[in-house]
$ cat start15.cif   # mmCIF, C-alpha atoms
data_input
loop_
_atom_site.label_atom_id
_atom_site.label_comp_id
_atom_site.auth_asym_id
_atom_site.auth_seq_id
_atom_site.Cartn_x
_atom_site.Cartn_y
_atom_site.Cartn_z
CA MET H 1 -16.21 3.09 40.37
CA ALA H 2 -18.03 4.80 37.51
CA THR H 3 -16.54 5.10 34.05
CA ILE H 4 -14.31 8.19 33.92
CA TYR H 5 -13.53 10.21 30.79
CA LEU H 6 -10.08 11.73 31.34
CA LYS H 7 -10.33 13.26 27.87
CA ARG H 8 -13.29 13.74 25.54
CA GLY H 9 -13.40 14.51 21.85
CA LYS H 10 -15.54 16.96 19.92
CA PRO H 11 -19.22 16.70 20.96
CA GLU H 12 -21.65 14.83 18.71
CA ALA H 13 -23.55 18.01 17.84
CA ALA H 14 -20.41 19.59 16.39
CA ARG H 15 -19.61 16.43 14.46
CA SER H 16 -23.15 16.38 13.02
CA GLU H 17 -22.77 19.99 11.91
CA ASP H 18 -19.58 19.06 10.04
CA ASP H 19 -21.40 16.13 8.40
CA ALA H 20 -24.23 18.40 7.23
CA LYS H 21 -21.79 20.75 5.48
CA VAL H 22 -20.15 17.82 3.71
CA ARG H 23 -23.55 16.47 2.64
CA THR H 24 -24.55 19.71 0.94
CA THR H 25 -21.23 20.08 -0.87
CA VAL H 26 -21.30 16.53 -2.20
CA GLU H 27 -24.89 16.75 -3.40
CA GLY H 28 -24.12 19.78 -5.57
CA ILE H 29 -20.99 18.27 -7.08
CA LEU H 30 -22.64 14.95 -7.94
CA LYS H 31 -25.49 16.79 -9.67
CA ASP H 32 -22.93 18.76 -11.70
CA ILE H 33 -21.14 15.55 -12.78
CA GLU H 34 -24.44 13.92 -13.72
CA THR H 35 -25.39 16.96 -15.83
CA ARG H 36 -22.10 17.87 -17.49
CA GLY H 37 -20.05 14.68 -17.41
CA ASP H 38 -16.41 14.96 -18.47
CA ALA H 39 -16.44 18.77 -18.48
CA ALA H 40 -17.44 18.84 -14.81
CA VAL H 41 -14.84 16.21 -13.89
CA HIS H 42 -12.08 18.23 -15.61
CA GLU H 43 -13.09 21.43 -13.82
CA LEU H 44 -13.30 19.71 -10.45
CA SER H 45 -9.94 18.01 -10.90
CA GLU H 46 -8.35 21.32 -11.84
CA LYS H 47 -9.95 23.00 -8.82
CA PHE H 48 -9.21 20.38 -6.15
CA ASP H 49 -6.09 18.64 -7.48
CA ASN H 50 -4.62 21.21 -9.89
CA TYR H 51 -4.59 18.38 -12.41
CA SER H 52 -6.42 18.25 -15.74
CA PRO H 53 -4.78 16.03 -18.38
CA PRO H 54 -6.28 15.40 -21.83
CA SER H 55 -7.39 11.96 -20.56
CA PHE H 56 -7.73 10.81 -16.97
CA ARG H 57 -7.33 7.18 -18.06
CA LEU H 58 -3.73 5.99 -18.18
CA SER H 59 -2.61 4.21 -21.35
CA GLU H 60 -0.73 0.92 -21.14
CA GLY H 61 2.43 2.80 -22.09
CA GLU H 62 1.96 5.34 -19.32
CA ILE H 63 1.31 2.55 -16.82
CA GLU H 64 4.47 0.71 -17.86
CA ALA H 65 6.57 3.90 -17.63
CA LEU H 66 5.28 4.58 -14.12
CA ILE H 67 5.91 1.01 -12.97
CA ASN H 68 9.49 1.27 -14.23
CA LYS H 69 10.06 4.13 -11.77
CA VAL H 70 9.37 1.88 -8.77
CA SER H 71 12.53 0.54 -7.11
CA PRO H 72 13.11 -3.24 -7.06
CA ARG H 73 12.81 -3.31 -3.24
CA ASP H 74 9.54 -1.37 -3.27
CA MET H 75 8.18 -3.64 -5.98
CA GLU H 76 9.19 -6.72 -3.98
CA ASP H 77 7.40 -5.34 -0.91
CA ILE H 78 4.26 -4.53 -2.91
CA LYS H 79 4.20 -8.05 -4.34
CA PHE H 80 4.68 -9.59 -0.88
CA ALA H 81 1.82 -7.58 0.63
CA GLN H 82 -0.43 -8.31 -2.31
CA ALA H 83 0.29 -12.03 -2.02
CA GLN H 84 -0.85 -12.00 1.63
CA VAL H 85 -4.10 -10.22 0.73
CA ARG H 86 -4.74 -12.58 -2.20
CA ASN H 87 -4.02 -15.68 -0.12
CA PHE H 88 -6.48 -14.72 2.60
CA ALA H 89 -9.10 -13.57 0.08
CA GLN H 90 -8.76 -16.88 -1.76
CA ALA H 91 -9.23 -18.82 1.48
CA GLN H 92 -12.37 -16.78 2.13
CA ARG H 93 -13.62 -17.40 -1.41
CA ASP H 94 -13.03 -21.12 -1.04
CA SER H 95 -15.30 -21.12 2.02
CA MET H 96 -18.24 -19.82 -0.04
CA LEU H 97 -19.83 -22.76 -1.76
CA ASP H 98 -22.56 -23.00 -4.34
CA ILE H 99 -25.23 -25.35 -3.03
CA GLU H 100 -28.03 -27.49 -4.44
CA VAL H 101 -30.29 -29.59 -2.24
CA GLU H 102 -33.44 -31.68 -2.78
CA THR H 103 -35.64 -30.37 0.05
CA LEU H 104 -38.63 -32.58 -0.86
CA PRO H 105 -38.93 -35.42 -3.38
CA GLY H 106 -38.70 -33.70 -6.78
CA VAL H 107 -38.10 -30.20 -5.35
CA VAL H 108 -34.57 -28.85 -5.85
CA LEU H 109 -33.35 -25.55 -4.38
CA GLY H 110 -29.94 -23.99 -4.70
CA HIS H 111 -27.84 -20.88 -4.86
CA ARG H 112 -24.90 -19.63 -6.92
CA ASN H 113 -22.29 -17.07 -5.90
CA ILE H 114 -21.93 -14.77 -8.91
CA PRO H 115 -19.39 -11.91 -9.13
CA VAL H 116 -20.58 -8.33 -9.51
CA GLN H 117 -19.93 -7.54 -13.18
CA SER H 118 -18.16 -4.18 -12.82
CA VAL H 119 -16.54 -2.53 -9.83
CA GLY H 120 -14.98 0.90 -9.31
CA CYS H 121 -12.17 0.89 -6.74
CA TYR H 122 -11.17 4.16 -5.11
CA ILE H 123 -7.59 4.33 -3.88
CA PRO H 124 -6.94 7.45 -1.75
CA GLY H 125 -3.68 9.25 -2.34
CA GLY H 126 -3.92 13.02 -2.32
CA LYS H 127 -2.19 13.39 1.06
CA PHE H 128 -0.53 9.99 1.44
CA PRO H 129 -0.08 7.56 -1.49
CA MET H 130 -2.23 4.67 -0.24
CA VAL H 131 -0.47 1.79 -1.98
CA ALA H 132 -2.09 -0.78 0.31
CA SER H 133 -5.62 0.27 -0.65
CA ALA H 134 -5.01 -1.09 -4.13
CA HIS H 135 -4.42 -4.58 -2.73
CA MET H 136 -7.51 -4.42 -0.55
CA SER H 137 -9.97 -3.49 -3.28
CA VAL H 138 -8.49 -4.33 -6.68
CA ALA H 139 -6.76 -7.61 -5.81
CA THR H 140 -9.71 -8.81 -3.71
CA ALA H 141 -12.13 -8.06 -6.56
CA ALA H 142 -9.84 -10.01 -8.89
CA VAL H 143 -9.91 -13.04 -6.57
CA ALA H 144 -13.72 -12.81 -6.60
CA GLY H 145 -13.66 -12.99 -10.40
CA VAL H 146 -15.08 -9.54 -11.21
CA PRO H 147 -14.80 -9.23 -15.03
CA ARG H 148 -14.39 -5.43 -15.15
CA ILE H 149 -12.36 -3.70 -12.43
CA ILE H 150 -11.61 -0.01 -12.77
CA ALA H 151 -9.59 2.05 -10.33
CA ALA H 152 -9.33 5.76 -9.63
CA THR H 153 -6.66 7.43 -7.55
CA PRO H 154 -5.83 11.14 -7.18
CA PRO H 155 -2.56 12.62 -8.36
CA PHE H 156 0.15 12.83 -5.71
CA LYS H 157 2.04 16.12 -5.84
CA GLY H 158 0.67 16.82 -9.29
CA GLU H 159 1.25 13.47 -11.01
CA PRO H 160 0.35 9.78 -10.77
CA ASN H 161 2.19 8.02 -7.97
CA PRO H 162 4.26 5.19 -9.48
CA ALA H 163 3.96 2.81 -6.51
CA VAL H 164 0.17 3.23 -6.33
CA ILE H 165 -0.20 2.66 -10.08
CA ALA H 166 2.05 -0.41 -9.86
CA ALA H 167 -0.08 -1.87 -7.06
CA ILE H 168 -3.30 -1.18 -8.98
CA LYS H 169 -1.95 -2.83 -12.14
CA LEU H 170 -0.51 -5.83 -10.29
CA GLY H 171 -3.82 -6.16 -8.45
CA GLY H 172 -5.64 -6.77 -11.71
CA ALA H 173 -7.38 -3.52 -12.69
CA HIS H 174 -8.54 -3.31 -16.28
CA GLU H 175 -8.79 0.51 -16.42
CA ILE H 176 -6.83 3.03 -14.32
CA TYR H 177 -7.90 6.66 -13.94
CA VAL H 178 -5.98 9.44 -12.20
CA MET H 179 -8.87 11.22 -10.49
CA GLY H 180 -9.57 12.06 -6.88
CA GLY H 181 -12.35 12.77 -4.44
CA ILE H 182 -15.99 13.33 -5.27
CA GLN H 183 -15.27 13.68 -8.98
CA ALA H 184 -13.75 10.19 -9.12
CA ILE H 185 -16.60 8.59 -7.19
CA GLY H 186 -19.21 10.44 -9.24
CA ALA H 187 -17.59 9.64 -12.58
CA MET H 188 -17.32 5.92 -11.83
CA ALA H 189 -20.89 5.63 -10.54
CA LEU H 190 -22.72 7.98 -12.90
CA GLY H 191 -20.53 7.52 -15.96
CA THR H 192 -19.39 10.22 -18.38
CA GLU H 193 -18.82 10.44 -22.11
CA THR H 194 -15.53 8.55 -21.66
CA ILE H 195 -16.14 6.40 -18.58
CA LYS H 196 -18.66 3.59 -18.58
CA PRO H 197 -20.44 3.44 -15.18
CA VAL H 198 -19.86 0.59 -12.75
CA ASP H 199 -22.26 -1.55 -10.73
CA MET H 200 -20.45 -1.15 -7.41
CA LEU H 201 -18.09 1.27 -5.64
CA VAL H 202 -15.52 0.19 -3.05
CA GLY H 203 -12.62 1.69 -1.15
CA PRO H 204 -11.91 4.09 1.70
CA GLY H 205 -11.59 7.84 1.53
CA ASN H 206 -12.13 11.11 3.33
CA ALA H 207 -15.48 12.43 4.54
CA PHE H 208 -16.37 13.72 1.06
CA VAL H 209 -15.65 10.37 -0.59
CA ALA H 210 -17.65 8.52 2.06
CA GLU H 211 -20.60 10.91 1.66
CA ALA H 212 -20.49 10.60 -2.14
CA LYS H 213 -20.73 6.83 -1.81
CA ARG H 214 -23.60 7.19 0.64
CA GLN H 215 -25.56 9.44 -1.72
CA LEU H 216 -24.94 7.14 -4.70
CA TYR H 217 -25.92 3.97 -2.84
CA GLY H 218 -28.92 2.47 -4.56
CA LEU H 219 -27.86 3.63 -7.99
CA VAL H 220 -24.80 1.48 -7.37
CA GLY H 221 -23.83 -0.92 -4.64
CA ILE H 222 -21.14 0.04 -2.16
CA ASP H 223 -18.90 -1.93 0.16
CA LEU H 224 -19.68 0.08 3.31
CA PHE H 225 -19.54 3.59 4.73
CA ALA H 226 -15.80 3.97 5.22
CA GLY H 227 -15.16 7.49 6.48
CA PRO H 228 -12.16 8.91 8.34
CA THR H 229 -10.14 6.25 10.13
CA GLU H 230 -10.89 5.35 13.75
CA THR H 231 -8.77 3.47 16.24
CA MET H 232 -9.31 2.14 19.74
CA VAL H 233 -6.83 0.67 22.19
CA ILE H 234 -8.19 -1.60 24.91
CA ALA H 235 -5.38 -2.07 27.41
CA ASP H 236 -4.59 -3.08 30.96
CA GLU H 237 -1.33 -3.00 32.88
CA THR H 238 0.16 -5.85 30.86
CA VAL H 239 1.38 -3.15 28.44
CA ASP H 240 2.99 0.26 28.87
CA ALA H 241 2.20 3.83 27.89
CA GLU H 242 4.68 3.97 25.00
CA ILE H 243 2.97 1.20 23.05
CA CYS H 244 -0.52 2.60 23.78
CA ALA H 245 0.44 6.13 22.74
CA THR H 246 2.19 4.87 19.61
CA ASP H 247 -0.83 2.85 18.53
CA LEU H 248 -3.18 5.79 19.09
CA LEU H 249 -1.07 8.37 17.23
CA GLY H 250 -0.23 5.88 14.49
CA GLN H 251 -3.80 6.23 13.25
CA ALA H 252 -4.45 9.83 14.30
CA GLU H 253 -1.95 10.95 11.64
CA HIS H 254 -4.40 9.85 8.90
CA GLY H 255 -6.33 13.13 8.97
CA TYR H 256 -7.65 15.98 11.06
CA ASN H 257 -10.77 14.07 12.11
CA SER H 258 -9.52 10.59 13.00
CA PRO H 259 -10.90 9.44 16.38
CA ALA H 260 -8.42 7.65 18.65
CA VAL H 261 -9.71 6.19 21.92
CA LEU H 262 -7.97 4.52 24.85
CA ILE H 263 -10.09 2.31 27.11
CA THR H 264 -8.34 0.97 30.19
CA ASN H 265 -8.98 -0.23 33.71
CA SER H 266 -5.71 1.32 34.89
CA ARG H 267 -5.71 4.99 35.88
CA LYS H 268 -1.92 4.78 36.07
CA LEU H 269 -1.71 3.62 32.42
CA ALA H 270 -4.22 6.26 31.33
CA ASP H 271 -2.27 9.11 32.93
CA ALA H 272 1.04 7.80 31.63
CA THR H 273 -0.35 7.47 28.11
CA LEU H 274 -1.52 11.09 28.09
CA VAL H 275 2.02 12.16 29.04
CA GLU H 276 3.57 9.84 26.45
CA ILE H 277 1.31 11.19 23.69
CA GLU H 278 2.62 14.70 24.33
CA ARG H 279 6.20 13.42 24.22
CA LEU H 280 5.62 11.67 20.89
CA LEU H 281 3.80 14.63 19.39
CA ALA H 282 6.93 16.70 19.95
CA ILE H 283 8.97 14.42 17.65
CA LEU H 284 6.42 12.86 15.25
CA PRO H 285 6.92 14.20 11.69
CA THR H 286 3.16 14.06 11.10
CA ALA H 287 2.40 15.75 14.43
CA GLU H 288 0.59 18.71 12.88
CA THR H 289 -2.17 16.38 11.65
CA ALA H 290 -2.02 13.90 14.53
CA ARG H 291 -2.21 16.61 17.20
CA ARG H 292 -5.32 18.18 15.71
CA SER H 293 -7.00 14.78 15.48
CA TRP H 294 -6.01 13.93 19.04
CA GLU H 295 -7.16 17.27 20.44
CA ASP H 296 -10.53 17.24 18.63
CA TYR H 297 -11.32 13.52 18.54
CA GLY H 298 -9.06 11.76 21.06
CA GLU H 299 -10.58 10.17 24.17
CA VAL H 300 -9.23 8.43 27.27
CA ILE H 301 -11.76 6.35 29.19
CA VAL H 302 -11.03 4.65 32.52
CA CYS H 303 -13.31 1.78 33.54
CA ASP H 304 -13.45 -0.33 36.66
CA THR H 305 -13.63 -3.81 35.09
CA HIS H 306 -13.03 -5.65 31.85
CA GLU H 307 -16.79 -6.10 31.53
CA GLU H 308 -17.26 -2.31 31.59
CA MET H 309 -14.44 -1.90 29.06
CA LEU H 310 -16.15 -4.41 26.79
CA ASP H 311 -19.50 -2.61 27.01
CA VAL H 312 -17.95 0.77 26.22
CA ALA H 313 -15.95 -0.70 23.33
CA ASN H 314 -18.99 -2.40 21.78
CA ASP H 315 -20.98 0.82 22.11
CA ILE H 316 -18.32 2.90 20.33
CA ALA H 317 -17.92 0.21 17.61
CA SER H 318 -14.57 1.53 16.42
CA GLU H 319 -13.07 0.67 13.05
CA HIS H 320 -9.79 -0.70 14.44
CA VAL H 321 -9.64 -2.24 17.90
CA GLN H 322 -6.23 -3.05 19.36
CA VAL H 323 -6.60 -5.39 22.37
CA MET H 324 -3.62 -5.70 24.72
CA THR H 325 -4.74 -7.35 27.94
CA ASP H 326 -4.34 -10.45 30.05
CA ARG H 327 -7.47 -11.90 28.32
CA ASP H 328 -7.28 -11.06 24.62
CA ASP H 329 -9.21 -14.17 23.55
CA TRP H 330 -12.04 -13.23 25.92
CA TYR H 331 -12.42 -9.99 23.98
CA LEU H 332 -12.33 -11.94 20.71
CA GLN H 333 -15.22 -14.08 21.93
CA ASN H 334 -17.27 -11.20 23.34
CA MET H 335 -16.66 -8.21 21.06
CA HIS H 336 -19.54 -7.92 18.57
CA SER H 337 -19.34 -4.41 17.11
CA TYR H 338 -16.08 -3.33 15.45
CA GLY H 339 -14.26 -3.28 12.12
CA ALA H 340 -11.26 -5.49 12.80
CA LEU H 341 -9.54 -6.80 15.94
CA PHE H 342 -5.79 -6.76 16.53
CA LEU H 343 -5.06 -9.12 19.37
CA GLY H 344 -1.97 -8.85 21.55
CA ALA H 345 0.93 -6.43 21.74
CA ARG H 346 2.84 -8.24 18.99
CA THR H 347 0.45 -7.05 16.28
CA ASN H 348 -0.87 -3.60 15.47
CA VAL H 349 -3.26 -1.76 13.16
CA ALA H 350 -0.49 -0.90 10.69
CA ASN H 351 -0.03 -4.66 10.06
CA GLY H 352 -3.64 -4.90 8.96
CA ASP H 353 -3.46 -1.66 7.00
CA LYS H 354 -0.45 -2.63 4.93
CA VAL H 355 0.68 -6.23 4.82
CA ILE H 356 -0.68 -9.02 7.02
CA GLY H 357 -3.48 -10.05 4.65
CA THR H 358 -6.76 -9.03 6.27
CA ASN H 359 -8.65 -6.26 4.50
CA HIS H 360 -8.20 -2.71 5.75
CA THR H 361 -11.40 -1.23 4.27
CA LEU H 362 -13.53 -1.31 7.41
CA PRO H 363 -16.77 0.15 8.81
CA THR H 364 -16.63 3.50 10.61
CA LYS H 365 -19.13 5.71 12.46
CA LYS H 366 -20.64 2.76 14.34
CA ALA H 367 -21.37 0.82 11.14
CA GLY H 368 -19.60 -2.14 12.74
CA ARG H 369 -22.91 -2.75 14.53
CA TYR H 370 -24.41 -4.09 11.29
CA THR H 371 -21.63 -4.88 8.83
CA GLY H 372 -18.12 -6.19 8.67
CA GLY H 373 -15.38 -4.87 6.42
CA LEU H 374 -14.61 -5.33 2.74
CA TRP H 375 -13.83 -8.94 1.82
CA VAL H 376 -14.06 -11.19 -1.20
CA GLY H 377 -17.71 -11.96 -0.41
CA LYS H 378 -18.68 -8.30 -0.92
CA PHE H 379 -17.96 -8.74 -4.62
CA LEU H 380 -20.20 -11.80 -4.87
CA LYS H 381 -23.99 -11.92 -5.10
CA THR H 382 -25.70 -15.04 -3.80
CA HIS H 383 -28.59 -15.85 -6.13
CA SER H 384 -31.12 -18.59 -5.42
CA TYR H 385 -32.87 -20.86 -7.90
CA GLN H 386 -35.45 -23.64 -7.79
CA LYS H 387 -36.48 -26.62 -9.92
CA VAL H 388 -39.51 -28.91 -9.66
CA LEU H 389 -38.64 -32.22 -11.33
CA THR H 390 -41.79 -34.37 -11.05
CA ASP H 391 -45.50 -34.03 -11.70
CA GLU H 392 -46.22 -35.19 -8.15
CA ALA H 393 -44.01 -32.46 -6.65
CA ALA H 394 -45.56 -29.78 -8.89
CA ALA H 395 -49.09 -30.74 -7.81
CA MET H 396 -48.21 -31.04 -4.14
CA ILE H 397 -46.34 -27.72 -3.86
CA GLY H 398 -48.97 -26.11 -6.09
CA ALA H 399 -51.80 -27.09 -3.75
CA TYR H 400 -50.03 -25.60 -0.73
CA GLY H 401 -49.18 -22.48 -2.71
CA SER H 402 -52.75 -22.10 -3.97
CA ARG H 403 -54.24 -22.17 -0.48
CA LEU H 404 -51.65 -19.77 0.94
CA CYS H 405 -52.24 -17.30 -1.92
CA ILE H 406 -56.03 -17.36 -1.37
CA LEU H 407 -55.37 -16.84 2.36
CA GLU H 408 -53.73 -13.53 1.45
CA GLY H 409 -56.30 -12.61 -1.21
CA PHE H 410 -53.97 -12.98 -4.20
CA VAL H 411 -56.21 -14.71 -6.75
CA GLY H 412 -53.80 -14.29 -9.66
CA HIS H 413 -51.00 -15.76 -7.59
CA ALA H 414 -53.23 -18.70 -6.68
CA GLU H 415 -53.99 -19.38 -10.34
CA GLN H 416 -50.25 -19.73 -11.07
CA CYS H 417 -50.33 -22.61 -8.60
CA ASN H 418 -53.72 -23.96 -9.72
CA VAL H 419 -52.73 -24.37 -13.36
CA ARG H 420 -49.92 -26.67 -12.21
CA VAL H 421 -52.31 -28.63 -10.00
CA ARG H 422 -54.68 -29.13 -12.95
CA ARG H 423 -51.96 -29.92 -15.49
CA TYR H 424 -49.64 -32.10 -13.44
CA GLY H 425 -51.98 -33.44 -10.76
CA GLY H 426 -55.08 -34.13 -12.86
CA ARG H 427 -57.27 -32.25 -10.35
CA ASN H 428 -59.99 -29.80 -11.39
CA VAL H 429 -59.49 -26.49 -9.53
CA GLY H 430 -61.68 -23.59 -10.60
CA TYR H 431 -60.32 -20.09 -11.22
CA GLY H 432 -59.93 -18.21 -7.97
CA GLN H 433 -60.50 -21.30 -5.84
CA ALA H 434 -58.03 -22.81 -3.42
CA ALA H 435 -56.76 -26.26 -4.31
CA GLU H 436 -57.92 -28.91 -1.86
#
$ encode --input "start15.cif" --output "structure tokens"
Amino acid sequence: MATIYLKRGKPEAARSEDDAKVRTTVEGILKDIETRGDAAVHELSEKFDNYSPPSFRLSEGEIEALINKVSPRDMEDIKFAQAQVRNFAQAQRDSMLDIEVETLPGVVLGHRNIPVQSVGCYIPGGKFPMVASAHMSVATAAVAGVPRIIAATPPFKGEPNPAVIAAIKLGGAHEIYVMGGIQAIGAMALGTETIKPVDMLVGPGNAFVAEAKRQLYGLVGIDLFAGPTETMVIADETVDAEICATDLLGQAEHGYNSPAVLITNSRKLADATLVEIERLLAILPTAETARRSWEDYGEVIVCDTHEEMLDVANDIASEHVQVMTDRDDWYLQNMHSYGALFLGARTNVANGDKVIGTNHTLPTKKAGRYTGGLWVGKFLKTHSYQKVLTDEAAAMIGAYGSRLCILEGFVGHAEQCNVRVRRYGGRNVGYGQAAE
């Protein structure tokens, strides 16, 4: 049986057209921020967020007042979630060791893992206050030892969201700015009269935020291209339509362009899930957003075998992949292109998004083919070094180096090696000659 698409999303050509419009918009806005700095940021914030305070940076007093508005239960939950993220990030950091090894007598090579010196963390929040995103970027950067962490988050209903600000502060940010969208990304990367630029940008966001990061990459580092959320459910008849439909719509409510894909080898489950999605859309409070996402970007794919399901899943390379089958560990061993896996019906994508401890900033738009998600290692740069400790080693390595440089025609390079051969090996090598 061939793979059957019971439902397809918007064609690639239409998606590319949308991307082109975003690209043009972002390019113009970034140029404006680069040229006019704070004035441009204020105008953009007024235009897009109806928010333009005297200073976008919150004072310590303002931060404290906002934190005091958070209920004790909410604060307890934030601290619990942040502890899970920190614990896993610390375990990851502990796995990354500095090394030093003597590869030949007198030749020592090594590397050090050094934190990026300044990071700008974007925490989305214009539509939904993304409290969890503060844990994922700010707290993880803190575990990595980044000495300057700044965070930007848009106003929520016209003012800073207390829970988001509390999570950012608890996470370890040194500067907090209430700014959203392209203007926040541009200000952090390019700098303004009042904001010192950062070395790296991290955090998820909408298509405009993702495109701004893409255009700024090179001037600054970025974590990855994290665009609109994507989810995939790989399921067989070990689960039912309610759980499949719930897991699909649970991510489709993120925005109007959030792909949600069901891959199954059960036509019965596929048909039942389509019916169940319509039932849930009739009662879901966020159905207006979720329905548009499902209609434009939802897909249902029926395959014949698990091997076909695996091939289709790896080709799509979705951000979140929920696996609910009779062979979940087989998928764990064989999936190679995705953001994060959620194995078994007992877990779900919302666990990873909010509380379980893995990072929810993940690759989208097939980027899972070449990168994983945000983690403590993204904030660390692995730098190599070398030492030559003996005259014998200097002369020996120098002779090899000299000959290899001459082989390529680099006479000046060869002389760097030759001077060591003459000085430490007592051998007479003429300028431009290869050491024997």
$ resolve_selection --input "start15.cif" --expression "the PyMOL selection byres ((chain H and resi 225) around 10)" --output "NGL selection string"
:H and (202-205 or 207 or 209-214 or 217 or 222-224 or 226-228 or 361-368 or 371 or 373)
$ atom_distance --input "start15.cif" --atom1 "CA of Val429 (chain H)" --atom2 "CA of Val108 (chain H)"
25.3 Å
$ closest_residue --input "start15.cif" --among "H:Ile67, H:Val312, H:Leu389, H:Val143" --to "Val164 (chain H)" --atoms "only C-alpha atoms"
H:Ile67
$ closest_residue --input "start15.cif" --among "H:Ala393, H:Ala13, H:Leu219, H:Ile185" --to "Asp199 (chain H)" --atoms "all atoms listed in the file"
H:Leu219
$ atom_distance --input "start15.cif" --atom1 "CA of Gln117 (chain H)" --atom2 "CA of Ala139 (chain H)"
15.1 Å
$ resolve_selection --input "start15.cif" --expression "the PyMOL selection byres ((chain H and resi 105) around 9)" --output "list in words"
Glu102, Thr103, Leu104, Gly106, Val107, Val108, Leu389, Thr390, Glu392 and Ala393 of chain H
$ closest_residue --input "start15.cif" --among "H:Ser318, H:Ile263, H:Asp353, H:Ala187" --to "Gly250 (chain H)" --atoms "only C-alpha atoms"
H:Asp353
$ atom_distance --input "start15.cif" --atom1 "CA of Leu281 (chain H)" --atom2 "CA of Ala241 (chain H)"
13.8 Å
$ closest_residue --input "start15.cif" --among "H:Gly409, H:Gly432, H:Pro197, H:Pro259" --to "Arg8 (chain H)" --atoms "only C-alpha atoms"
H:Pro259
$ resolve_selection --input "start15.cif" --expression "the PyMOL selection byres ((chain H and resi 413-422) around 12)" --output "MDAnalysis selection string"
chainID H and resid 388 390:412 423:436
$ residues_near_point --input "start15.cif" --point "(-3.7, 12.6, -14.1)" --cutoff "12 Å" --atoms "only C-alpha atoms" --output "count of residues only"
36
$ closest_residue --input "start15.cif" --among "H:Ile168, H:Met188, H:Leu310, H:Val116" --to "Glu34 (chain H)" --atoms "all atoms listed in the file"
H:Met188
$ closest_residue --input "start15.cif" --among "H:Thr192, H:Thr140, H:Ser95, H:Ser118" --to "Thr35 (chain H)" --atoms "only C-alpha atoms"
H:Thr192
$ axis_aligned_box --input "start15.cif" --around "region 20-23 of chain H" --padding-each-side "3 Å" --output "JSON"
{"center_x": -22.2, "center_y": 18.6, "center_z": 4.9, "size_x": 10.1, "size_y": 10.3, "size_z": 10.6}
$ residues_around --input "start15.cif" --residues "Asn314 (chain H)" --least-positions-apart "3" --cutoff "9 Å" --atoms "only C-alpha atoms" --output "NGL selection string"
:H and (309-311 or 317-318 or 335-338 or 369)
$ write_last_selection --input "start15.cif" --atoms "C-alpha atoms" --output "compact mmCIF listing (two decimals), in the coordinates of the input"
# COMPACT_ATOMS: atom_id res chain seq x y z
CA MET H 309 -14.44 -1.90 29.06
CA LEU H 310 -16.15 -4.41 26.79
CA ASP H 311 -19.50 -2.61 27.01
CA ALA H 317 -17.92 0.21 17.61
CA SER H 318 -14.57 1.53 16.42
CA MET H 335 -16.66 -8.21 21.06
CA HIS H 336 -19.54 -7.92 18.57
CA SER H 337 -19.34 -4.41 17.11
CA TYR H 338 -16.08 -3.33 15.45
CA ARG H 369 -22.91 -2.75 14.53
$ residues_around --input "start15.cif" --residues "Asp328 (chain H)" --least-positions-apart "2" --cutoff "10 Å" --atoms "all atoms listed in the file" --output "VMD selection string"
chain H and resid 234 to 235 322 to 326 330 to 333 341 to 345
